Every structure is written in C-alpha cells, then in structure tokens.
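Raw run_6.tsv, TSV, C-alpha atoms and all ligand atoms:
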chain	number	residue	atom	x	y	z
B	29	MET	CA	264.49	105.43	157.62
B	30	ASN	CA	267.37	107.51	159.01
B	31	ASN	CA	268.63	110.50	157.03
B	32	PHE	CA	271.75	109.87	155.02
B	33	THR	CA	274.03	111.41	152.42
B	34	ILE	CA	275.38	109.84	149.25
B	35	SER	CA	278.51	111.21	147.63
B	36	VAL	CA	279.84	110.08	144.23
B	37	PRO	CA	283.00	111.32	142.49
B	38	ALA	CA	283.45	112.52	138.93
B	39	SER	CA	285.51	110.40	136.54
B	40	SER	CA	287.66	110.64	133.46
B	41	ALA	CA	287.24	107.67	131.12
B	42	ASN	CA	289.50	106.13	128.47
B	43	ILE	CA	292.80	107.89	129.35
B	44	GLY	CA	293.80	107.42	125.74
B	45	PRO	CA	293.89	103.74	124.71
B	46	GLY	CA	291.46	102.41	127.35
B	47	PHE	CA	288.33	103.21	125.35
B	48	ASP	CA	285.21	102.13	127.32
B	49	SER	CA	287.50	100.24	129.71
B	50	LEU	CA	289.60	102.63	131.86
B	51	GLY	CA	288.19	105.16	134.31
B	52	LEU	CA	289.85	107.46	136.80
B	53	ALA	CA	287.88	108.89	139.75
B	54	LEU	CA	288.43	112.61	140.35
B	55	ASP	CA	287.77	114.76	143.40
B	56	LEU	CA	284.66	116.56	142.12
B	57	TYR	CA	281.41	115.29	143.64
B	58	LEU	CA	277.69	114.76	143.23
B	59	THR	CA	276.06	114.71	146.67
B	60	LEU	CA	272.55	113.81	147.77
B	61	THR	CA	271.12	114.45	151.21
B	62	VAL	CA	268.17	112.12	151.70
B	63	SER	CA	265.33	112.04	154.21
B	64	GLU	CA	262.00	110.26	154.16
B	65	ASN	CA	259.11	112.63	153.41
B	66	ASP	CA	255.34	112.41	152.91
B	67	ALA	CA	255.78	113.39	149.23
B	68	TRP	CA	258.63	113.50	146.73
B	69	LYS	CA	260.64	116.73	146.86
B	70	ILE	CA	263.87	117.41	145.00
B	71	TYR	CA	265.90	120.55	145.76
B	72	GLN	CA	268.89	121.30	143.55
B	73	GLN	CA	271.63	123.49	144.96
B	74	SER	CA	274.03	123.71	142.04
B	75	LEU	CA	273.70	125.51	138.73
B	76	LEU	CA	275.72	122.63	137.24
B	77	LEU	CA	272.69	120.35	137.62
B	78	PRO	CA	270.19	120.18	134.72
B	79	ALA	CA	266.93	122.01	135.45
B	80	CYS	CA	264.08	119.68	136.35
B	81	ASN	CA	260.55	120.72	137.29
B	82	ASN	CA	258.95	117.37	137.99
B	83	TYR	CA	260.55	114.74	140.20
B	84	THR	CA	259.41	111.94	137.87
B	85	ASP	CA	261.61	113.45	135.12
B	86	HIS	CA	264.67	113.52	137.35
B	87	PHE	CA	267.36	111.11	136.12
B	88	ILE	CA	268.44	110.09	139.64
B	89	TYR	CA	264.83	109.40	140.65
B	90	GLN	CA	264.29	107.36	137.46
B	91	ILE	CA	267.38	105.22	138.12
B	92	ALA	CA	266.33	104.68	141.75
B	93	GLN	CA	262.78	103.78	140.71
B	94	HIS	CA	264.06	101.38	138.03
B	95	THR	CA	266.42	99.71	140.51
B	96	ALA	CA	263.71	99.32	143.14
B	97	THR	CA	261.35	97.81	140.55
B	98	GLN	CA	264.04	95.36	139.39
B	99	TYR	CA	264.09	94.00	142.95
B	100	GLY	CA	260.31	94.03	143.37
B	101	LYS	CA	260.37	96.86	145.92
B	102	GLU	CA	258.57	100.16	146.22
B	103	LEU	CA	260.65	103.28	146.62
B	104	PRO	CA	259.49	105.29	149.67
B	105	THR	CA	258.74	108.98	149.12
B	106	CYS	CA	261.83	111.05	149.89
B	107	CYS	CA	263.14	114.57	150.09
B	108	LEU	CA	266.42	114.91	148.16
B	109	THR	CA	268.77	117.86	148.30
B	110	ILE	CA	271.25	117.53	145.46
B	111	ASP	CA	274.50	119.39	145.01
B	112	SER	CA	277.23	118.94	142.42
B	113	SER	CA	280.64	120.24	141.41
B	114	ILE	CA	280.74	118.01	138.30
B	115	PRO	CA	280.22	119.95	135.06
B	116	LEU	CA	277.58	118.45	132.76
B	117	ALA	CA	278.28	117.02	129.30
B	118	ARG	CA	282.01	117.80	129.54
B	119	GLY	CA	283.45	114.27	129.66
B	120	LEU	CA	283.72	114.11	133.45
B	121	GLY	CA	281.24	111.32	134.12
B	122	SER	CA	278.31	113.38	135.39
B	123	SER	CA	275.74	110.86	134.15
B	124	ALA	CA	277.72	107.92	135.58
B	125	SER	CA	277.75	109.65	138.99
B	126	ALA	CA	274.00	110.17	138.73
B	127	ILE	CA	273.49	106.47	137.88
B	128	ILE	CA	275.54	105.37	140.90
B	129	ALA	CA	273.66	107.84	143.11
B	130	GLY	CA	270.28	106.55	141.88
B	131	ILE	CA	271.23	102.90	142.45
B	132	GLU	CA	272.52	103.72	145.94
B	133	LEU	CA	269.37	105.69	146.72
B	134	ALA	CA	267.27	102.59	145.98
B	135	ASN	CA	269.77	100.38	147.79
B	136	GLN	CA	269.48	102.43	150.99
B	137	CYS	CA	265.77	103.27	150.86
B	138	CYS	CA	264.65	99.73	149.98
B	139	GLN	CA	267.32	97.91	151.99
B	140	LEU	CA	268.47	95.93	148.97
B	141	HIS	CA	271.86	95.08	150.55
B	142	LEU	CA	273.54	95.19	147.12
B	143	SER	CA	277.22	94.30	146.93
B	144	LYS	CA	279.60	96.62	145.10
B	145	GLU	CA	279.81	94.06	142.30
B	146	GLU	CA	276.02	94.01	141.95
B	147	LYS	CA	275.92	97.81	141.86
B	148	LEU	CA	278.63	97.80	139.20
B	149	GLN	CA	276.66	95.35	137.09
B	150	LEU	CA	273.44	97.36	137.37
B	151	ALA	CA	275.23	100.63	136.62
B	152	THR	CA	277.08	99.17	133.65
B	153	GLU	CA	273.83	97.86	132.18
B	154	GLN	CA	272.47	101.41	132.41
B	155	GLU	CA	275.54	103.18	131.02
B	156	GLY	CA	276.55	100.52	128.46
B	157	HIS	CA	280.21	100.47	129.54
B	158	PRO	CA	281.87	100.18	132.97
B	159	ASP	CA	284.64	102.81	132.74
B	160	ASN	CA	282.99	105.86	134.37
B	161	VAL	CA	280.59	103.95	136.63
B	162	GLY	CA	283.41	101.66	137.81
B	163	ALA	CA	285.58	104.61	138.81
B	164	ALA	CA	282.65	106.45	140.42
B	165	LEU	CA	281.75	103.38	142.46
B	166	PHE	CA	285.19	102.06	143.46
B	167	GLY	CA	287.40	105.18	143.27
B	168	GLY	CA	290.97	105.04	141.95
B	169	LEU	CA	291.85	104.07	138.41
B	170	VAL	CA	289.76	101.14	137.25
B	171	ILE	CA	290.60	98.70	134.48
B	172	THR	CA	287.50	96.87	133.35
B	173	ASN	CA	286.20	94.34	130.89
B	174	TYR	CA	282.57	93.85	129.91
B	175	ASN	CA	280.34	92.62	127.18
B	176	GLU	CA	276.61	92.16	127.37
B	177	ASP	CA	276.88	88.42	128.03
B	178	THR	CA	279.24	88.63	130.99
B	179	SER	CA	279.57	90.23	134.38
B	180	VAL	CA	282.07	93.06	134.74
B	181	ASP	CA	285.70	92.18	135.49
B	182	ILE	CA	287.52	94.95	137.30
B	183	TYR	CA	290.96	95.77	138.69
B	184	ARG	CA	291.96	98.94	140.50
B	185	ILE	CA	295.12	101.00	140.79
B	186	ASP	CA	294.77	103.20	143.87
B	187	GLN	CA	298.06	105.09	143.79
B	188	LEU	CA	299.25	107.45	141.03
B	189	ASN	CA	302.27	109.61	141.75
B	190	ILE	CA	301.37	112.31	139.26
B	191	ASP	CA	299.61	115.68	139.15
B	192	MET	CA	296.52	116.04	136.99
B	193	ILE	CA	295.17	119.12	135.27
B	194	ILE	CA	291.80	119.29	133.53
B	195	PHE	CA	290.86	121.78	130.80
B	196	ILE	CA	287.11	122.37	130.82
B	197	PRO	CA	285.86	124.40	127.83
B	198	GLN	CA	282.73	126.54	128.01
B	199	ASP	CA	280.76	124.50	125.49
B	200	GLU	CA	279.21	121.10	126.07
B	201	LEU	CA	279.68	118.05	123.85
B	202	LYS	CA	277.10	115.28	124.04
B	203	THR	CA	278.56	111.79	124.37
B	204	GLU	CA	276.26	110.52	121.62
B	205	ALA	CA	277.72	113.00	119.12
B	206	ALA	CA	281.25	112.03	120.16
B	207	ARG	CA	280.43	108.31	119.74
B	208	ASN	CA	278.84	108.87	116.34
B	209	VAL	CA	282.17	109.92	114.79
B	210	LEU	CA	283.82	106.60	115.71
B	211	PRO	CA	284.11	103.74	113.19
B	212	ASP	CA	281.70	100.83	113.69
B	213	THR	CA	284.47	98.34	113.00
B	214	TYR	CA	288.28	98.23	113.02
B	215	SER	CA	290.48	96.00	110.90
B	216	ARG	CA	292.41	93.22	112.63
B	217	ALA	CA	295.68	95.09	112.17
B	218	HIS	CA	294.17	98.28	113.61
B	219	ALA	CA	292.64	96.47	116.60
B	220	ALA	CA	295.89	94.59	117.29
B	221	GLN	CA	297.88	97.82	117.20
B	222	ALA	CA	295.35	99.68	119.36
B	223	SER	CA	295.23	96.97	122.02
B	224	SER	CA	299.02	96.63	122.09
B	225	ILE	CA	299.20	100.33	122.93
B	226	GLY	CA	296.69	99.75	125.74
B	227	ASN	CA	298.64	96.76	127.03
B	228	VAL	CA	301.93	98.67	127.26
B	229	PHE	CA	300.07	101.63	128.80
B	230	ILE	CA	298.76	99.53	131.70
B	231	ALA	CA	302.12	97.79	132.19
B	232	ALA	CA	303.79	101.22	132.35
B	233	LEU	CA	301.24	102.51	134.88
B	234	MET	CA	301.65	99.42	137.06
B	235	ASN	CA	305.41	99.98	137.01
B	236	GLU	CA	305.01	103.73	137.67
B	237	ASP	CA	306.85	104.37	134.42
B	238	TYR	CA	304.93	107.57	133.76
B	239	PRO	CA	306.99	108.78	130.79
B	240	MET	CA	306.14	105.53	128.99
B	241	ALA	CA	302.51	105.70	130.16
B	242	GLY	CA	302.30	109.26	128.78
B	243	LYS	CA	303.80	108.19	125.48
B	244	MET	CA	301.29	105.34	125.15
B	245	MET	CA	298.25	107.39	126.17
B	246	GLU	CA	299.00	109.83	123.34
B	247	LYS	CA	299.27	107.00	120.79
B	248	ASP	CA	295.65	105.92	121.11
B	249	ILE	CA	293.99	104.92	117.84
B	250	PHE	CA	290.67	103.66	119.25
B	251	HIS	CA	289.00	107.04	119.61
B	252	GLU	CA	291.28	110.10	119.89
B	253	PRO	CA	292.07	110.57	116.18
B	254	TYR	CA	288.36	110.50	115.28
B	255	ARG	CA	287.27	112.83	118.03
B	256	ALA	CA	290.08	115.38	117.80
B	257	GLU	CA	288.15	117.56	115.35
B	258	LEU	CA	285.26	117.88	117.84
B	259	ILE	CA	287.53	119.07	120.65
B	260	PRO	CA	288.35	122.78	120.67
B	261	ASN	CA	292.10	123.46	120.95
B	262	TYR	CA	292.93	119.75	120.88
B	263	ALA	CA	296.39	120.19	119.34
B	264	PRO	CA	297.35	123.51	121.04
B	265	ILE	CA	296.49	122.16	124.52
B	266	LYS	CA	298.56	119.03	123.93
B	267	GLN	CA	301.44	121.06	122.58
B	268	LYS	CA	301.47	123.59	125.43
B	269	ALA	CA	301.19	120.89	128.11
B	270	ASN	CA	303.97	118.98	126.40
B	271	GLU	CA	306.21	122.10	126.36
B	272	LEU	CA	305.59	122.43	130.10
B	273	GLY	CA	306.74	118.85	130.73
B	274	ALA	CA	303.48	116.86	130.77
B	275	TYR	CA	303.84	113.11	130.46
B	276	GLY	CA	300.76	113.09	128.26
B	277	THR	CA	297.46	114.82	127.47
B	278	VAL	CA	294.25	113.12	126.32
B	279	ILE	CA	290.54	113.69	125.88
B	280	SER	CA	288.66	113.09	129.13
B	281	GLY	CA	285.98	110.51	128.31
B	282	ALA	CA	284.11	111.57	125.21
B	283	GLY	CA	285.32	115.16	125.70
B	284	PRO	CA	285.35	118.09	125.32
B	285	THR	CA	287.41	118.35	128.55
B	286	MET	CA	291.05	117.37	128.19
B	287	ILE	CA	293.28	116.04	130.95
B	288	SER	CA	297.06	116.33	131.31
B	289	PHE	CA	299.30	114.22	133.51
B	290	PHE	CA	302.33	116.01	134.96
B	291	PRO	CA	305.24	114.95	137.16
B	292	LYS	CA	304.29	115.07	140.84
B	293	GLY	CA	304.84	118.52	142.34
B	294	THR	CA	304.65	120.45	139.06
B	295	GLY	CA	300.87	120.76	138.81
B	296	THR	CA	300.34	124.06	140.63
B	297	GLN	CA	302.85	126.11	138.66
B	298	ASN	CA	301.78	124.57	135.37
B	299	LYS	CA	298.11	125.14	136.06
B	300	GLN	CA	298.78	128.88	136.30
B	301	LYS	CA	300.75	128.91	133.05
B	302	LEU	CA	298.09	126.91	131.26
B	303	GLN	CA	295.29	129.16	132.55
B	304	ALA	CA	297.20	132.16	131.16
B	305	ALA	CA	297.59	130.37	127.80
B	306	PHE	CA	293.93	129.30	127.59
B	307	PRO	CA	292.01	132.04	129.44
B	308	SER	CA	288.53	131.00	128.25
B	309	TYR	CA	288.95	127.57	129.87
B	310	ASN	CA	288.17	126.53	133.39
B	311	ILE	CA	291.49	124.87	134.22
B	312	GLN	CA	291.73	122.93	137.46
B	313	GLN	CA	294.28	120.79	139.21
B	314	ARG	CA	292.47	117.71	140.50
B	315	LYS	CA	293.37	114.74	142.65
B	316	MET	CA	292.39	111.13	142.20
B	317	ASP	CA	289.52	110.10	144.47
B	318	SER	CA	290.53	106.77	146.03
B	319	THR	CA	287.25	105.96	147.77
B	320	GLY	CA	284.45	106.17	145.23
B	321	LEU	CA	280.81	106.01	146.40
B	322	ARG	CA	280.35	107.03	150.02
B	323	VAL	CA	277.27	106.81	152.22
B	324	GLU	CA	277.04	108.56	155.57
B	325	LYS	CA	274.19	107.90	157.95
B	326	LYS	CA	273.08	110.90	160.02
W	401	LIG	N1	284.09	105.57	127.13
W	401	LIG	C1	283.05	106.51	126.85
W	401	LIG	C2	283.32	107.18	125.53
W	401	LIG	C3	283.00	107.55	127.95
W	401	LIG	O1	284.47	107.52	125.28
W	401	LIG	O2	282.39	107.36	124.74
W	401	LIG	C4	281.84	108.48	127.81
W	401	LIG	O3	280.64	107.87	128.09

In structure tokens, write the structure found in this file.
Amino acid sequence: MNNFTISVPASSANIGPGFDSLGLALDLYLTLTVSENDAWKIYQQSLLLPACNNYTDHFIYQIAQHTATQYGKELPTCCLTIDSSIPLARGLGSSASAIIAGIELANQCCQLHLSKEEKLQLATEQEGHPDNVGAALFGGLVITNYNEDTSVDIYRIDQLNIDMIIFIPQDELKTEAARNVLPDTYSRAHAAQASSIGNVFIAALMNEDYPMAGKMMEKDIFHEPYRAELIPNYAPIKQKANELGAYGTVISGAGPTMISFFPKGTGTQNKQKLQAAFPSYNIQQRKMDSTGLRVEKK
C-alpha cells in the first residue's frame, strides 16, 4: 500500500430552515496521513482532537473497521498521523468529517472502490442525517433528502457570492443536548410554514437573491427558536451582525457556533468589528470549500 493523505472539510449544517438537510462545507480541515505499519499507531497533532490512548477507542479507526467489516474485508495495520483545525462539539461537523475520513481510510486500505454515492449512504447511516456528511464529502452547499428507507438524494450549489463569518464560543455544546430540546412532532400548519420558508430560501439562493435568502434563514421555525436559549449571545450576535449589514445570522448545525452571511467584500472589516464586540469568541472569516473529501497518493 502506498502512503496517502485524506483531507476532509468542516461543515455548517441547517443554515436556518434546512434542518438535517442543508450543509455547507467550510475551509477548516481534518487531515490523516496514512502508511502501512506492522502495528496500529495513531499520532494526533492537534489539541482540537479528543484525547485517545488506545487505537481501538479511536472514532476514525472504529468507522474504518466497521466499513471494512461491512464489505467482508480486513483492515491492514496502519500508522495514522491526524491533524485538525475543526473545533470539537461546536456545530462545525467535526464528527461528520471523522466519519468521512474513517470510511475513506477503509476504502483506500481495503480497495473497496466505493463511489461517492456509496460513501454518502454509509456516512449518512452512521450520522443519521446527510447534511454535514454530504457537505464534507462533496464540498459546496448540499441540499439533501433522506429517510431510513431510501438512498440519499443530493444537489449541490458550488458558488456563493457572499462572505461568511463564524462565531465560535469557548464552551462546547453536545449535539444530543441540542436535539433533546426540539419537539418530537410538529403540527401540519407548523410543518407547512417551516417547509415554505425552506423552499423560498433555496429558491433565493439559486437566484443569488441573498437579501431574501438572509430573511428566510432567520425565519426558521424547525430548530432555531428551540435552541436559542442554549446558544450564548444568540440575540446580541444576530443584532450586531444585522447592524453591520449581514444578510442573515443562524446557528451553525446544532450550535453553539453561529454563522453570519455578509455581502461579498465586507467580511474582513466586519470580522474585526465583531471580534471587538465579542472578545471572548474566536471569530473567523471562512470560505466555502468547493471540493470536499480529497485523497492524495504519495
Ligand atoms: N442537523 C443536525 C442538527 C446537525 O441540527 O442537529 C448536527 O448534527
């Protein structure tokens, strides 16, 4: 087996009304350098990665092992060097990136020759929804549909003429806690209203009508109103970004990171103003990643 590297972007799911359906790939990355070895070794180079003392407990190893087993193959022993610029448990798709990396590790090491669609299906079965894994795999902004009885349907938008700013707070929020505050069911009127907002949102994005897209993203009633109380500075961040001319600001995935969409060319100056307004936050201007999963053979 030749050495290779796997690189997977971060992602921001939902973007307001696209709960469990929309995902946007961002230019923060999980990277694995892989070589065959006579025993398993995992070296972690980033403090953003969760500590792990035994390779069998490592999430990426577990996903790779599970994938290999699904295809009746044995994973060869490898040396992995893992690096990451994706903060954990902040709503930036760190676990989705790890799932994609694990599936690709098995794909390469066991020569599974999986198509992108097959990888998406496997990853979605692991994650339960295709928003983050779809973006991490395909790059761009993905629009997906899935239920447990079907394969994943996916469309991509690969061009967004906007600047994006993310607000990463110091504290983590576990996705499970942020899902537990959501209702189990919605009335027909609520669901119809929520999906109409999503429909207009996508139409606006496709037409590059960003003011309308911003208006719609902030109208979400699938998840934002229920999660707002879990997100520190939810209202002040929205208000400040709005004062500075943002099209819209929403929770990134399950939070607690928030993401603002600004007119193209205004991101840099607004990032500085927002950092001054929210000094305890790690505020970054990020670009969309248009490529998704990448593998480079050495
Ligand atoms: N769509 C998911 C959610 C993303 O909002 O819970 C986080 O897994």

- Item | Near-B:Val228 list (10 Å; all atoms listed in the file; drop same-chain fewer than 4 positions) as number ranges by chain | B: 45, 223-224, 232-234, 240-241, 243-245

- Message: Taking all atoms listed in the file into account, list the residues no farther than 9 Å from ligand LIG 401 (chain W), as an NGL selection string.
- Response: :B and (40-42 or 46-51 or 119-121 or 123-124 or 155-160 or 203-204 or 206-207 or 251 or 279-283)

- Message: List the spatial neighbours of B:Phe195 as a PyMOL selection string - criterion: any atom at most 12 Å away, only C-alpha atoms, same-chain residues fewer than 2 positions off excluded.
- Response: chain B and resi 40+115+118-120+192-193+197-199+259-262+264-266+269+277-280+283-289+299-300+302-303+305-314

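Of the listed residues (B:Arg322, B:Lys202, B:Arg184, B:His141), B:Arg322 comes nearest to B:Thr61; the distances count all atoms listed in the file.
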
- Between B:Ile230, B:Ala96, B:Tyr214, B:Ile91, which one has atoms that come closest to B:Glu153, using all atoms listed in the file? B:Ile91

- Quick one: distance from atom CA of B:Ser113 to atom CA of B:Leu60 in Å, one decimal? 12.1 Å

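The neighbours of B:Gly100 here are the residues that come within 12 Å of it, using all atoms listed in the file and leaving out any residue fewer than 4 positions away in the same chain; they are Gln93, His94, Thr95, Ala96, Ala134, Cys138, Gln139 and Leu140 of chain B.
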
Based on the selection just made, write C-alpha atoms of those residues as a JSON list (two decimals), in the frame of the given file.
[["chain", "number", "residue", "atom", "x", "y", "z"],
["B", 93, "GLN", "CA", 262.78, 103.78, 140.71],
["B", 94, "HIS", "CA", 264.06, 101.38, 138.03],
["B", 95, "THR", "CA", 266.42, 99.71, 140.51],
["B", 96, "ALA", "CA", 263.71, 99.32, 143.14],
["B", 134, "ALA", "CA", 267.27, 102.59, 145.98],
["B", 138, "CYS", "CA", 264.65, 99.73, 149.98],
["B", 139, "GLN", "CA", 267.32, 97.91, 151.99],
["B", 140, "LEU", "CA", 268.47, 95.93, 148.97]]

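Among the candidates B:Leu169, B:Val180, B:Ile190, B:Cys80, the one nearest to B:Ser318 when counting all atoms listed in the file is B:Leu169.
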
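Comparing the minimum interatomic distances between B:Ile43 and each of B:Lys315, B:Lys247, B:Lys292, B:Lys301, counting only C-alpha atoms, we find that B:Lys247 sits nearest.
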
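Using all atoms listed in the file, the shortest contact distance between B:Asn227 and any of B:Ala263, B:Val36, B:Thr97, B:Ile171 is found at B:Ile171.
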
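What separates atom CA of B:Ile131 from atom CA of B:Pro78 is a distance of 19.0 Å.
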
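As for atom CA of B:Val62 and atom CA of B:Asn31, they are spaced 5.6 Å apart.
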
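Ranking B:Ala163, B:Asp111, B:Ile34, B:Leu116 by their shortest atom-to-atom distance to B:Gly320, with all atoms listed in the file included, puts B:Ala163 first.
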
For B:Asp181, please output as a PDB file with C-alpha atoms, keeping the file's coordinate frame all residues within 9 Å (counting all atoms listed in the file; exclusion window: fewer than 3 positions along the same chain).
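Wrote around-v4.pdb, looks like this:
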ATOM      1  CA  ILE B 171     290.600  98.700 134.480  1.00  0.00           C
ATOM      2  CA  THR B 172     287.500  96.870 133.350  1.00  0.00           C
ATOM      3  CA  ASN B 173     286.200  94.340 130.890  1.00  0.00           C
ATOM      4  CA  TYR B 174     282.570  93.850 129.910  1.00  0.00           C
ATOM      5  CA  THR B 178     279.240  88.630 130.990  1.00  0.00           C
TER       6      THR B 178
END

Please return, as a PDB file with C-alpha atoms, in the coordinates of the input, all polymer residues that have at least one atom within 7 Å of the point (278.8, 114.5, 143.2); use all atoms listed in the file and the file's own coordinate frame.
ATOM      1  CA  SER B  35     278.510 111.210 147.630  1.00  0.00           C
ATOM      2  CA  VAL B  36     279.840 110.080 144.230  1.00  0.00           C
ATOM      3  CA  PRO B  37     283.000 111.320 142.490  1.00  0.00           C
ATOM      4  CA  ALA B  38     283.450 112.520 138.930  1.00  0.00           C
ATOM      5  CA  LEU B  56     284.660 116.560 142.120  1.00  0.00           C
ATOM      6  CA  TYR B  57     281.410 115.290 143.640  1.00  0.00           C
ATOM      7  CA  LEU B  58     277.690 114.760 143.230  1.00  0.00           C
ATOM      8  CA  THR B  59     276.060 114.710 146.670  1.00  0.00           C
ATOM      9  CA  ASP B 111     274.500 119.390 145.010  1.00  0.00           C
ATOM     10  CA  SER B 112     277.230 118.940 142.420  1.00  0.00           C
ATOM     11  CA  SER B 113     280.640 120.240 141.410  1.00  0.00           C
ATOM     12  CA  ILE B 114     280.740 118.010 138.300  1.00  0.00           C
ATOM     13  CA  SER B 125     277.750 109.650 138.990  1.00  0.00           C
TER      14      SER B 125
END
